[in-house]
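Undergrad: A single structure is presented below for examination.
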Amino acid sequence: MPDARAHTAVRTAIIAGRLPAPAETVCGDCGRRASVYHHHSGYAPEHWLSVEPLCRSCHKRRHPKAPRRAEHATSIRVRPEVAEEVRANAAAARRSLNREIELYVEEALARRRRDRAARAVREGPGAAAGRAEDDLQDA
Ligand SMILES: [Zn+2]
């Protein structure tokens, strides 16, 4: 069963610089640029960081029956300047890096919901439904 905490653990590791962003790595199956981390050992806490970078199509192949990628993948594009900013904010506010990342992720998800709602209003219902490619893919 996918576990959002596993995805948070991966995000935290990426922003903290303990894990490269998937796009900085290559797909373990085909060697193209990766875009998601696959939890190949499942979602038990000890495996939260047991991840393998995969490209989108190979990841799909690993989960032929998965209805939505969001339910089992951590896809995150953490630009270096964002990681930098999060670290700087944490230091300035004397917050833990984990807390700062939580705040950042919450804000990014809220921004995505607002953008999506605005797009739905602009383009009519259903127009935004197929677009899941955002900075943050939550589980
Ligand atoms: Zn691949």
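Labels for the structure tokens follow display order: chains A, B, ..., residues from 1 in each chain, ligands from 1.
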For range 30-34 of chain A, work out the shell of residues within 7 Å, counting only C-alpha atoms and skipping chain neighbours fewer than 6 positions away, then give it as a ChimeraX atom specification.
TA: /A:22-23,53-55
Undergrad: Just the selected residues (C-alpha atoms), exported as a compact mmCIF listing (two decimals), in the first residue's frame, please.
TA:
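The result, written out as result_20.txt:
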```txt
# COMPACT_ATOMS: atom_id res chain seq x y z
CA PRO A 22 15.43 11.79 -10.14
CA ALA A 23 16.08 13.95 -13.21
CA PRO A 53 15.21 5.97 -10.33
CA LEU A 54 13.09 5.10 -13.34
CA CYS A 55 11.80 6.94 -16.36
```
Undergrad: Looking at only C-alpha atoms and all ligand atoms, which of A:Ala118, A:Ala90, A:Ala44, A:Cys27 is the one that sits closest to ligand 1?
TA: A:Cys27
Undergrad: When you count only C-alpha atoms and all ligand atoms, which of these residues is closest to ligand 1: A:Ala117, A:Cys58, A:Ala21, A:Ala108?
TA: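 Among the listed residues, the smallest separation from ligand 1 belongs to A:Cys58.
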Undergrad: Identify which of the residues A:Glu123, A:Asp29, A:Glu46, A:Glu84 lies closest to ligand 1, counting only C-alpha atoms and all ligand atoms when measuring atom-to-atom distances.
TA: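 Under the stated criterion, the closest residue is A:Asp29.
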